[in-house]
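Dropping run_38.cif in here (mmCIF, N, CA and C atoms, pLDDT in the B column; chains and numbers go by the auth columns):
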```cif
data_final
loop_
_atom_site.group_PDB
_atom_site.id
_atom_site.type_symbol
_atom_site.label_atom_id
_atom_site.label_comp_id
_atom_site.label_asym_id
_atom_site.label_seq_id
_atom_site.Cartn_x
_atom_site.Cartn_y
_atom_site.Cartn_z
_atom_site.B_iso_or_equiv
_atom_site.auth_seq_id
_atom_site.auth_asym_id
ATOM 1 N N MET A 1 113.392 87.824 88.788 40.00 1204 A
ATOM 2 C CA MET A 1 113.392 88.757 89.885 40.00 1204 A
ATOM 3 C C MET A 1 114.642 89.615 89.844 40.00 1204 A
ATOM 4 N N SER A 2 114.584 90.678 90.577 46.00 1205 A
ATOM 5 C CA SER A 2 115.696 91.622 90.620 46.00 1205 A
ATOM 6 C C SER A 2 116.867 91.041 91.392 46.00 1205 A
ATOM 7 N N LEU A 3 118.037 91.434 90.995 47.00 1206 A
ATOM 8 C CA LEU A 3 119.235 91.080 91.730 47.00 1206 A
ATOM 9 C C LEU A 3 119.590 92.263 92.604 47.00 1206 A
ATOM 10 N N LEU A 4 119.508 92.071 93.906 50.00 1207 A
ATOM 11 C CA LEU A 4 119.744 93.164 94.849 50.00 1207 A
ATOM 12 C C LEU A 4 121.113 92.980 95.491 50.00 1207 A
ATOM 13 N N VAL A 5 122.130 93.406 94.792 50.00 1208 A
ATOM 14 C CA VAL A 5 123.487 93.286 95.287 50.00 1208 A
ATOM 15 C C VAL A 5 123.841 94.556 96.055 50.00 1208 A
ATOM 16 N N ASN A 6 124.365 94.363 97.255 53.00 1209 A
ATOM 17 C CA ASN A 6 124.778 95.481 98.103 53.00 1209 A
ATOM 18 C C ASN A 6 123.647 96.482 98.361 53.00 1209 A
ATOM 19 N N SER A 7 122.435 96.004 98.408 70.00 1210 A
ATOM 20 C CA SER A 7 121.302 96.872 98.702 70.00 1210 A
ATOM 21 C C SER A 7 120.930 96.712 100.168 70.00 1210 A
ATOM 22 N N SER A 8 120.701 97.829 100.809 86.00 1211 A
ATOM 23 C CA SER A 8 120.204 97.769 102.177 86.00 1211 A
ATOM 24 C C SER A 8 119.046 98.742 102.297 86.00 1211 A
ATOM 25 N N PHE A 9 118.082 98.342 103.074 90.00 1212 A
ATOM 26 C CA PHE A 9 116.886 99.143 103.247 90.00 1212 A
ATOM 27 C C PHE A 9 116.686 99.429 104.718 90.00 1212 A
ATOM 28 N N SER A 10 116.342 100.668 105.021 93.00 1213 A
ATOM 29 C CA SER A 10 116.045 101.044 106.402 93.00 1213 A
ATOM 30 C C SER A 10 114.638 100.546 106.750 93.00 1213 A
ATOM 31 N N PRO A 11 114.310 100.530 108.038 94.00 1214 A
ATOM 32 C CA PRO A 11 112.937 100.170 108.412 94.00 1214 A
ATOM 33 C C PRO A 11 111.905 101.077 107.737 94.00 1214 A
ATOM 34 N N GLU A 12 112.237 102.354 107.560 95.00 1215 A
ATOM 35 C CA GLU A 12 111.316 103.282 106.891 95.00 1215 A
ATOM 36 C C GLU A 12 111.139 102.907 105.419 95.00 1215 A
ATOM 37 N N ASP A 13 112.227 102.522 104.761 95.00 1216 A
ATOM 38 C CA ASP A 13 112.152 102.069 103.370 95.00 1216 A
ATOM 39 C C ASP A 13 111.226 100.863 103.268 95.00 1216 A
ATOM 40 N N LEU A 14 111.421 99.914 104.169 95.00 1217 A
ATOM 41 C CA LEU A 14 110.606 98.700 104.143 95.00 1217 A
ATOM 42 C C LEU A 14 109.140 99.007 104.392 95.00 1217 A
ATOM 43 N N ASP A 15 108.857 99.974 105.252 97.00 1218 A
ATOM 44 C CA ASP A 15 107.468 100.386 105.495 97.00 1218 A
ATOM 45 C C ASP A 15 106.833 100.930 104.224 97.00 1218 A
ATOM 46 N N VAL A 16 107.575 101.755 103.483 97.00 1219 A
ATOM 47 C CA VAL A 16 107.063 102.324 102.229 97.00 1219 A
ATOM 48 C C VAL A 16 106.826 101.212 101.211 97.00 1219 A
ATOM 49 N N LEU A 17 107.787 100.315 101.080 97.00 1220 A
ATOM 50 C CA LEU A 17 107.671 99.214 100.120 97.00 1220 A
ATOM 51 C C LEU A 17 106.478 98.329 100.453 97.00 1220 A
ATOM 52 N N ARG A 18 106.350 97.952 101.704 97.00 1221 A
ATOM 53 C CA ARG A 18 105.257 97.064 102.109 97.00 1221 A
ATOM 54 C C ARG A 18 103.900 97.749 101.980 97.00 1221 A
ATOM 55 N N SER A 19 103.850 99.013 102.333 97.00 1222 A
ATOM 56 C CA SER A 19 102.600 99.763 102.224 97.00 1222 A
ATOM 57 C C SER A 19 102.125 99.827 100.775 97.00 1222 A
ATOM 58 N N ALA A 20 103.050 100.098 99.873 97.00 1223 A
ATOM 59 C CA ALA A 20 102.687 100.167 98.451 97.00 1223 A
ATOM 60 C C ALA A 20 102.243 98.803 97.943 97.00 1223 A
ATOM 61 N N LEU A 21 102.969 97.760 98.314 97.00 1224 A
ATOM 62 C CA LEU A 21 102.602 96.413 97.862 97.00 1224 A
ATOM 63 C C LEU A 21 101.255 95.993 98.430 97.00 1224 A
ATOM 64 N N ASP A 22 101.024 96.257 99.708 97.00 1225 A
ATOM 65 C CA ASP A 22 99.732 95.928 100.320 97.00 1225 A
ATOM 66 C C ASP A 22 98.587 96.660 99.623 97.00 1225 A
ATOM 67 N N ALA A 23 98.794 97.936 99.340 97.00 1226 A
ATOM 68 C CA ALA A 23 97.749 98.732 98.680 97.00 1226 A
ATOM 69 C C ALA A 23 97.486 98.196 97.284 97.00 1226 A
ATOM 70 N N TRP A 24 98.546 97.865 96.559 96.00 1227 A
ATOM 71 C CA TRP A 24 98.378 97.339 95.197 96.00 1227 A
ATOM 72 C C TRP A 24 97.626 96.012 95.223 96.00 1227 A
ATOM 73 N N CYS A 25 98.004 95.136 96.147 97.00 1228 A
ATOM 74 C CA CYS A 25 97.325 93.840 96.260 97.00 1228 A
ATOM 75 C C CYS A 25 95.847 94.019 96.594 97.00 1228 A
ATOM 76 N N ALA A 26 95.538 94.952 97.476 97.00 1229 A
ATOM 77 C CA ALA A 26 94.139 95.207 97.838 97.00 1229 A
ATOM 78 C C ALA A 26 93.368 95.743 96.627 97.00 1229 A
ATOM 79 N N GLU A 27 93.966 96.677 95.906 95.00 1230 A
ATOM 80 C CA GLU A 27 93.315 97.231 94.712 95.00 1230 A
ATOM 81 C C GLU A 27 93.055 96.159 93.654 95.00 1230 A
ATOM 82 N N GLN A 28 94.020 95.286 93.477 94.00 1231 A
ATOM 83 C CA GLN A 28 93.935 94.264 92.435 94.00 1231 A
ATOM 84 C C GLN A 28 93.229 92.994 92.900 94.00 1231 A
ATOM 85 N N ARG A 29 92.910 92.970 94.198 97.00 1232 A
ATOM 86 C CA ARG A 29 92.301 91.782 94.820 97.00 1232 A
ATOM 87 C C ARG A 29 93.179 90.550 94.590 97.00 1232 A
ATOM 88 N N VAL A 30 94.461 90.735 94.915 96.00 1233 A
ATOM 89 C CA VAL A 30 95.469 89.693 94.751 96.00 1233 A
ATOM 90 C C VAL A 30 95.981 89.302 96.125 96.00 1233 A
ATOM 91 N N ASP A 31 96.100 88.013 96.377 97.00 1234 A
ATOM 92 C CA ASP A 31 96.659 87.535 97.638 97.00 1234 A
ATOM 93 C C ASP A 31 98.144 87.872 97.692 97.00 1234 A
ATOM 94 N N ILE A 32 98.601 88.357 98.832 96.00 1235 A
ATOM 95 C CA ILE A 32 99.989 88.780 99.011 96.00 1235 A
ATOM 96 C C ILE A 32 100.958 87.614 98.780 96.00 1235 A
ATOM 97 N N LYS A 33 100.485 86.389 98.901 96.00 1236 A
ATOM 98 C CA LYS A 33 101.340 85.212 98.721 96.00 1236 A
ATOM 99 C C LYS A 33 101.309 84.665 97.299 96.00 1236 A
ATOM 100 N N SER A 34 100.580 85.302 96.409 97.00 1237 A
ATOM 101 C CA SER A 34 100.438 84.806 95.039 97.00 1237 A
ATOM 102 C C SER A 34 101.667 85.128 94.189 97.00 1237 A
ATOM 103 N N VAL A 35 101.767 84.434 93.088 97.00 1238 A
ATOM 104 C CA VAL A 35 102.852 84.685 92.129 97.00 1238 A
ATOM 105 C C VAL A 35 102.740 86.100 91.578 97.00 1238 A
ATOM 106 N N GLU A 36 101.529 86.554 91.314 95.00 1239 A
ATOM 107 C CA GLU A 36 101.333 87.915 90.806 95.00 1239 A
ATOM 108 C C GLU A 36 101.862 88.952 91.799 95.00 1239 A
ATOM 109 N N ALA A 37 101.630 88.716 93.081 96.00 1240 A
ATOM 110 C CA ALA A 37 102.142 89.625 94.111 96.00 1240 A
ATOM 111 C C ALA A 37 103.667 89.572 94.172 96.00 1240 A
ATOM 112 N N GLN A 38 104.243 88.416 93.930 96.00 1241 A
ATOM 113 C CA GLN A 38 105.707 88.302 93.910 96.00 1241 A
ATOM 114 C C GLN A 38 106.300 89.134 92.778 96.00 1241 A
ATOM 115 N N PHE A 39 105.666 89.094 91.615 95.00 1242 A
ATOM 116 C CA PHE A 39 106.124 89.926 90.506 95.00 1242 A
ATOM 117 C C PHE A 39 105.955 91.409 90.829 95.00 1242 A
ATOM 118 N N ALA A 40 104.843 91.746 91.474 95.00 1243 A
ATOM 119 C CA ALA A 40 104.620 93.139 91.868 95.00 1243 A
ATOM 120 C C ALA A 40 105.662 93.578 92.887 95.00 1243 A
ATOM 121 N N ALA A 41 106.018 92.699 93.817 96.00 1244 A
ATOM 122 C CA ALA A 41 107.038 93.029 94.812 96.00 1244 A
ATOM 123 C C ALA A 41 108.374 93.306 94.141 96.00 1244 A
ATOM 124 N N SER A 42 108.711 92.512 93.159 95.00 1245 A
ATOM 125 C CA SER A 42 109.947 92.735 92.412 95.00 1245 A
ATOM 126 C C SER A 42 109.909 94.082 91.699 95.00 1245 A
ATOM 127 N N ALA A 43 108.765 94.396 91.103 96.00 1246 A
ATOM 128 C CA ALA A 43 108.607 95.678 90.416 96.00 1246 A
ATOM 129 C C ALA A 43 108.699 96.839 91.406 96.00 1246 A
ATOM 130 N N VAL A 44 108.099 96.682 92.582 96.00 1247 A
ATOM 131 C CA VAL A 44 108.150 97.723 93.610 96.00 1247 A
ATOM 132 C C VAL A 44 109.598 98.003 94.004 96.00 1247 A
ATOM 133 N N LEU A 45 110.377 96.947 94.189 95.00 1248 A
ATOM 134 C CA LEU A 45 111.791 97.131 94.529 95.00 1248 A
ATOM 135 C C LEU A 45 112.535 97.867 93.425 95.00 1248 A
ATOM 136 N N ASP A 46 112.311 97.456 92.182 94.00 1249 A
ATOM 137 C CA ASP A 46 112.961 98.118 91.046 94.00 1249 A
ATOM 138 C C ASP A 46 112.577 99.595 90.983 94.00 1249 A
ATOM 139 N N LEU A 47 111.294 99.867 91.130 96.00 1250 A
ATOM 140 C CA LEU A 47 110.808 101.240 91.042 96.00 1250 A
ATOM 141 C C LEU A 47 111.337 102.092 92.194 96.00 1250 A
ATOM 142 N N TYR A 48 111.411 101.514 93.380 96.00 1251 A
ATOM 143 C CA TYR A 48 111.937 102.233 94.538 96.00 1251 A
ATOM 144 C C TYR A 48 113.393 102.619 94.301 96.00 1251 A
ATOM 145 N N GLN A 49 114.156 101.674 93.797 93.00 1252 A
ATOM 146 C CA GLN A 49 115.570 101.942 93.535 93.00 1252 A
ATOM 147 C C GLN A 49 115.743 102.938 92.387 93.00 1252 A
ATOM 148 N N ALA A 50 114.726 103.070 91.540 94.00 1253 A
ATOM 149 C CA ALA A 50 114.765 104.037 90.439 94.00 1253 A
ATOM 150 C C ALA A 50 114.315 105.429 90.874 94.00 1253 A
ATOM 151 N N GLY A 51 113.942 105.579 92.161 95.00 1254 A
ATOM 152 C CA GLY A 51 113.619 106.908 92.659 95.00 1254 A
ATOM 153 C C GLY A 51 112.171 107.145 93.043 95.00 1254 A
ATOM 154 N N HIS A 52 111.314 106.165 92.871 96.00 1255 A
ATOM 155 C CA HIS A 52 109.912 106.291 93.294 96.00 1255 A
ATOM 156 C C HIS A 52 109.881 105.978 94.793 96.00 1255 A
ATOM 157 N N ASP A 53 110.056 107.015 95.606 95.00 1256 A
ATOM 158 C CA ASP A 53 110.366 106.817 97.015 95.00 1256 A
ATOM 159 C C ASP A 53 109.210 107.053 97.989 95.00 1256 A
ATOM 160 N N SER A 54 107.997 107.047 97.486 97.00 1257 A
ATOM 161 C CA SER A 54 106.840 107.155 98.382 97.00 1257 A
ATOM 162 C C SER A 54 105.784 106.143 97.936 97.00 1257 A
ATOM 163 N N ARG A 55 104.873 105.843 98.833 97.00 1258 A
ATOM 164 C CA ARG A 55 103.790 104.907 98.523 97.00 1258 A
ATOM 165 C C ARG A 55 103.026 105.352 97.289 97.00 1258 A
ATOM 166 N N GLU A 56 102.703 106.644 97.245 97.00 1259 A
ATOM 167 C CA GLU A 56 101.916 107.179 96.135 97.00 1259 A
ATOM 168 C C GLU A 56 102.677 107.074 94.809 97.00 1259 A
ATOM 169 N N LYS A 57 103.959 107.433 94.832 97.00 1260 A
ATOM 170 C CA LYS A 57 104.770 107.350 93.615 97.00 1260 A
ATOM 171 C C LYS A 57 104.902 105.907 93.145 97.00 1260 A
ATOM 172 N N LEU A 58 105.070 104.992 94.090 97.00 1261 A
ATOM 173 C CA LEU A 58 105.185 103.583 93.727 97.00 1261 A
ATOM 174 C C LEU A 58 103.894 103.055 93.112 97.00 1261 A
ATOM 175 N N LEU A 59 102.763 103.375 93.728 96.00 1262 A
ATOM 176 C CA LEU A 59 101.485 102.927 93.184 96.00 1262 A
ATOM 177 C C LEU A 59 101.244 103.491 91.796 96.00 1262 A
ATOM 178 N N HIS A 60 101.532 104.763 91.624 96.00 1263 A
ATOM 179 C CA HIS A 60 101.352 105.380 90.306 96.00 1263 A
ATOM 180 C C HIS A 60 102.244 104.687 89.269 96.00 1263 A
ATOM 181 N N ALA A 61 103.489 104.445 89.629 96.00 1264 A
ATOM 182 C CA ALA A 61 104.420 103.800 88.704 96.00 1264 A
ATOM 183 C C ALA A 61 103.990 102.357 88.406 96.00 1264 A
ATOM 184 N N LEU A 62 103.470 101.648 89.406 93.00 1265 A
ATOM 185 C CA LEU A 62 102.974 100.294 89.174 93.00 1265 A
ATOM 186 C C LEU A 62 101.802 100.298 88.206 93.00 1265 A
ATOM 187 N N HIS A 63 100.896 101.258 88.371 89.00 1266 A
ATOM 188 C CA HIS A 63 99.758 101.352 87.464 89.00 1266 A
ATOM 189 C C HIS A 63 100.225 101.669 86.046 89.00 1266 A
ATOM 190 N N ASP A 64 101.200 102.577 85.933 90.00 1267 A
ATOM 191 C CA ASP A 64 101.748 102.905 84.614 90.00 1267 A
ATOM 192 C C ASP A 64 102.413 101.710 83.975 90.00 1267 A
ATOM 193 N N ARG A 65 103.141 100.946 84.777 83.00 1268 A
ATOM 194 C CA ARG A 65 103.853 99.774 84.268 83.00 1268 A
ATOM 195 C C ARG A 65 102.870 98.717 83.771 83.00 1268 A
ATOM 196 N N LYS A 66 101.791 98.519 84.505 71.00 1269 A
ATOM 197 C CA LYS A 66 100.788 97.516 84.120 71.00 1269 A
ATOM 198 C C LYS A 66 100.046 97.934 82.848 71.00 1269 A
ATOM 199 N N ALA A 67 99.846 99.234 82.679 67.00 1270 A
ATOM 200 C CA ALA A 67 99.133 99.744 81.510 67.00 1270 A
ATOM 201 C C ALA A 67 99.986 99.644 80.249 67.00 1270 A
ATOM 202 N N ALA A 68 101.288 99.622 80.419 61.00 1271 A
ATOM 203 C CA ALA A 68 102.205 99.594 79.268 61.00 1271 A
ATOM 204 C C ALA A 68 102.262 98.244 78.611 61.00 1271 A
#
```
Let me see the structure of the file written as structure tokens.
Amino acid sequence: MSLLVNSSFSPEDLDVLRSALDAWCAEQRVDIKSVEAQFAASAVLDLYQAGHDSREKLLHALHDRKAA
């Protein structure tokens, strides 16, 4: 998992992160509590910190990452 040192997220950031993760889990038919969802959550955090700052950008980047 990612090491989040000195990272802080606003409520709006958390809404974007959760929305993207929820959408990805629904698309993949993955339970939010599964190990696969935990890996996706880690990827979402990494991608968000890399500049993918909207639900749509995060989902697109997650799909690209999975295809690679």
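For the residues A:Arg1268, A:Leu1262, A:Phe1242, A:His1255, ranking by smallest atom-to-atom distance to Ser1222 in chain A using all atoms listed in the file places A:Leu1262 first.
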- request: DSSP on the backbone, then: every residue of chain A marked helix (DSSP H, G or I), written as a ChimeraX atom specification.
  value: /A:1214-1231,1238-1252,1258-1270
The PyMOL selection byres (((chain A and resi 1246 and name CA) around 10) and name CA) resolved against shown file, as a PyMOL selection string: chain A and resi 1204-1205+1224+1240-1245+1247-1252+1261+1264-1265+1268
Could you write out the selected residues, including N, CA and C atoms, as a short mmCIF file (atom, residue, chain, number, x, y, z; two decimals), keeping the file's coordinate frame?
```cif
data_model
loop_
_atom_site.label_atom_id
_atom_site.label_comp_id
_atom_site.auth_asym_id
_atom_site.auth_seq_id
_atom_site.Cartn_x
_atom_site.Cartn_y
_atom_site.Cartn_z
N MET A 1204 113.39 87.82 88.79
CA MET A 1204 113.39 88.76 89.88
C MET A 1204 114.64 89.62 89.84
N SER A 1205 114.58 90.68 90.58
CA SER A 1205 115.70 91.62 90.62
C SER A 1205 116.87 91.04 91.39
N LEU A 1224 102.97 97.76 98.31
CA LEU A 1224 102.60 96.41 97.86
C LEU A 1224 101.26 95.99 98.43
N ALA A 1240 101.63 88.72 93.08
CA ALA A 1240 102.14 89.62 94.11
C ALA A 1240 103.67 89.57 94.17
N GLN A 1241 104.24 88.42 93.93
CA GLN A 1241 105.71 88.30 93.91
C GLN A 1241 106.30 89.13 92.78
N PHE A 1242 105.67 89.09 91.62
CA PHE A 1242 106.12 89.93 90.51
C PHE A 1242 105.96 91.41 90.83
N ALA A 1243 104.84 91.75 91.47
CA ALA A 1243 104.62 93.14 91.87
C ALA A 1243 105.66 93.58 92.89
N ALA A 1244 106.02 92.70 93.82
CA ALA A 1244 107.04 93.03 94.81
C ALA A 1244 108.37 93.31 94.14
N SER A 1245 108.71 92.51 93.16
CA SER A 1245 109.95 92.74 92.41
C SER A 1245 109.91 94.08 91.70
N VAL A 1247 108.10 96.68 92.58
CA VAL A 1247 108.15 97.72 93.61
C VAL A 1247 109.60 98.00 94.00
N LEU A 1248 110.38 96.95 94.19
CA LEU A 1248 111.79 97.13 94.53
C LEU A 1248 112.54 97.87 93.42
N ASP A 1249 112.31 97.46 92.18
CA ASP A 1249 112.96 98.12 91.05
C ASP A 1249 112.58 99.60 90.98
N LEU A 1250 111.29 99.87 91.13
CA LEU A 1250 110.81 101.24 91.04
C LEU A 1250 111.34 102.09 92.19
N TYR A 1251 111.41 101.51 93.38
CA TYR A 1251 111.94 102.23 94.54
C TYR A 1251 113.39 102.62 94.30
N GLN A 1252 114.16 101.67 93.80
CA GLN A 1252 115.57 101.94 93.54
C GLN A 1252 115.74 102.94 92.39
N LEU A 1261 105.07 104.99 94.09
CA LEU A 1261 105.18 103.58 93.73
C LEU A 1261 103.89 103.06 93.11
N ALA A 1264 103.49 104.44 89.63
CA ALA A 1264 104.42 103.80 88.70
C ALA A 1264 103.99 102.36 88.41
N LEU A 1265 103.47 101.65 89.41
CA LEU A 1265 102.97 100.29 89.17
C LEU A 1265 101.80 100.30 88.21
N ARG A 1268 103.14 100.95 84.78
CA ARG A 1268 103.85 99.77 84.27
C ARG A 1268 102.87 98.72 83.77
#
```
field: Interatomic distance (Å, one decimal) between atom N of Val1219 in chain A and atom N of Glu1259 in chain A
entry: 9.3 Å
Could you work out an axis-aligned box for range 1260-1269 of chain A, taking every atom the file lists and adding 4 Å on each side, and report centre and edge lengths in Å to one decimal, as AutoDock Vina command-line options?
```
--center_x 102.5 --center_y 102.5 --center_z 88.8 --size_x 13.4 --size_y 17.9 --size_z 20.0
```
- prompt: Using all atoms listed in the file, which of the listed residues (A:Ala1223, A:Lys1236, A:Leu1217, A:Phe1212) sits closest to Ser1257 in chain A?
  reply: A:Ala1223
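The two atoms in question, CA of Lys1269 in chain A and CA of Asp1216 in chain A, are spaced 22.8 Å apart.
Atom to atom, CA of Glu1230 in chain A and CA of Asp1256 in chain A stand 19.7 Å apart.
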Assuming the input is short of atoms at range 1224-1248 of chain A, produce N, CA, C and O atoms for that part as an mmCIF file, keeping the file's coordinate frame.
```cif
data_model
loop_
_atom_site.group_PDB
_atom_site.id
_atom_site.type_symbol
_atom_site.label_atom_id
_atom_site.label_comp_id
_atom_site.auth_asym_id
_atom_site.auth_seq_id
_atom_site.Cartn_x
_atom_site.Cartn_y
_atom_site.Cartn_z
ATOM 1 N N LEU A 1224 102.969 97.760 98.314
ATOM 2 C CA LEU A 1224 102.602 96.413 97.862
ATOM 3 C C LEU A 1224 101.255 95.993 98.430
ATOM 4 O O LEU A 1224 100.413 95.454 97.703
ATOM 5 N N ASP A 1225 101.024 96.257 99.708
ATOM 6 C CA ASP A 1225 99.732 95.928 100.320
ATOM 7 C C ASP A 1225 98.587 96.660 99.623
ATOM 8 O O ASP A 1225 97.544 96.073 99.341
ATOM 9 N N ALA A 1226 98.794 97.936 99.340
ATOM 10 C CA ALA A 1226 97.749 98.732 98.680
ATOM 11 C C ALA A 1226 97.486 98.196 97.284
ATOM 12 O O ALA A 1226 96.329 98.077 96.857
ATOM 13 N N TRP A 1227 98.546 97.865 96.559
ATOM 14 C CA TRP A 1227 98.378 97.339 95.197
ATOM 15 C C TRP A 1227 97.626 96.012 95.223
ATOM 16 O O TRP A 1227 96.706 95.804 94.428
ATOM 17 N N CYS A 1228 98.004 95.136 96.147
ATOM 18 C CA CYS A 1228 97.325 93.840 96.260
ATOM 19 C C CYS A 1228 95.847 94.019 96.594
ATOM 20 O O CYS A 1228 94.994 93.320 96.032
ATOM 21 N N ALA A 1229 95.538 94.952 97.476
ATOM 22 C CA ALA A 1229 94.139 95.207 97.838
ATOM 23 C C ALA A 1229 93.368 95.743 96.627
ATOM 24 O O ALA A 1229 92.245 95.299 96.358
ATOM 25 N N GLU A 1230 93.966 96.677 95.906
ATOM 26 C CA GLU A 1230 93.315 97.231 94.712
ATOM 27 C C GLU A 1230 93.055 96.159 93.654
ATOM 28 O O GLU A 1230 92.013 96.155 93.008
ATOM 29 N N GLN A 1231 94.020 95.286 93.477
ATOM 30 C CA GLN A 1231 93.935 94.264 92.435
ATOM 31 C C GLN A 1231 93.229 92.994 92.900
ATOM 32 O O GLN A 1231 93.021 92.072 92.114
ATOM 33 N N ARG A 1232 92.910 92.970 94.198
ATOM 34 C CA ARG A 1232 92.301 91.782 94.820
ATOM 35 C C ARG A 1232 93.179 90.550 94.590
ATOM 36 O O ARG A 1232 92.720 89.498 94.145
ATOM 37 N N VAL A 1233 94.461 90.735 94.915
ATOM 38 C CA VAL A 1233 95.469 89.693 94.751
ATOM 39 C C VAL A 1233 95.981 89.302 96.125
ATOM 40 O O VAL A 1233 96.271 90.170 96.956
ATOM 41 N N ASP A 1234 96.100 88.013 96.377
ATOM 42 C CA ASP A 1234 96.659 87.535 97.638
ATOM 43 C C ASP A 1234 98.144 87.872 97.692
ATOM 44 O O ASP A 1234 98.875 87.670 96.721
ATOM 45 N N ILE A 1235 98.601 88.357 98.832
ATOM 46 C CA ILE A 1235 99.989 88.780 99.011
ATOM 47 C C ILE A 1235 100.958 87.614 98.780
ATOM 48 O O ILE A 1235 102.119 87.835 98.447
ATOM 49 N N LYS A 1236 100.485 86.389 98.901
ATOM 50 C CA LYS A 1236 101.340 85.212 98.721
ATOM 51 C C LYS A 1236 101.309 84.665 97.299
ATOM 52 O O LYS A 1236 101.967 83.666 97.012
ATOM 53 N N SER A 1237 100.580 85.302 96.409
ATOM 54 C CA SER A 1237 100.438 84.806 95.039
ATOM 55 C C SER A 1237 101.667 85.128 94.189
ATOM 56 O O SER A 1237 102.483 85.996 94.523
ATOM 57 N N VAL A 1238 101.767 84.434 93.088
ATOM 58 C CA VAL A 1238 102.852 84.685 92.129
ATOM 59 C C VAL A 1238 102.740 86.100 91.578
ATOM 60 O O VAL A 1238 103.755 86.795 91.420
ATOM 61 N N GLU A 1239 101.529 86.554 91.314
ATOM 62 C CA GLU A 1239 101.333 87.915 90.806
ATOM 63 C C GLU A 1239 101.862 88.952 91.799
ATOM 64 O O GLU A 1239 102.501 89.929 91.410
ATOM 65 N N ALA A 1240 101.630 88.716 93.081
ATOM 66 C CA ALA A 1240 102.142 89.625 94.111
ATOM 67 C C ALA A 1240 103.667 89.572 94.172
ATOM 68 O O ALA A 1240 104.314 90.589 94.423
ATOM 69 N N GLN A 1241 104.243 88.416 93.930
ATOM 70 C CA GLN A 1241 105.707 88.302 93.910
ATOM 71 C C GLN A 1241 106.300 89.134 92.778
ATOM 72 O O GLN A 1241 107.315 89.815 92.966
ATOM 73 N N PHE A 1242 105.666 89.094 91.615
ATOM 74 C CA PHE A 1242 106.124 89.926 90.506
ATOM 75 C C PHE A 1242 105.955 91.409 90.829
ATOM 76 O O PHE A 1242 106.813 92.227 90.504
ATOM 77 N N ALA A 1243 104.843 91.746 91.474
ATOM 78 C CA ALA A 1243 104.620 93.139 91.868
ATOM 79 C C ALA A 1243 105.662 93.578 92.887
ATOM 80 O O ALA A 1243 106.159 94.707 92.823
ATOM 81 N N ALA A 1244 106.018 92.699 93.817
ATOM 82 C CA ALA A 1244 107.038 93.029 94.812
ATOM 83 C C ALA A 1244 108.374 93.306 94.141
ATOM 84 O O ALA A 1244 109.076 94.261 94.501
ATOM 85 N N SER A 1245 108.711 92.512 93.159
ATOM 86 C CA SER A 1245 109.947 92.735 92.412
ATOM 87 C C SER A 1245 109.909 94.082 91.699
ATOM 88 O O SER A 1245 110.882 94.848 91.720
ATOM 89 N N ALA A 1246 108.765 94.396 91.103
ATOM 90 C CA ALA A 1246 108.607 95.678 90.416
ATOM 91 C C ALA A 1246 108.699 96.839 91.406
ATOM 92 O O ALA A 1246 109.324 97.863 91.106
ATOM 93 N N VAL A 1247 108.099 96.682 92.582
ATOM 94 C CA VAL A 1247 108.150 97.723 93.610
ATOM 95 C C VAL A 1247 109.598 98.003 94.004
ATOM 96 O O VAL A 1247 110.008 99.159 94.127
ATOM 97 N N LEU A 1248 110.377 96.947 94.189
ATOM 98 C CA LEU A 1248 111.791 97.131 94.529
ATOM 99 C C LEU A 1248 112.535 97.867 93.425
ATOM 100 O O LEU A 1248 113.305 98.793 93.691
#
```
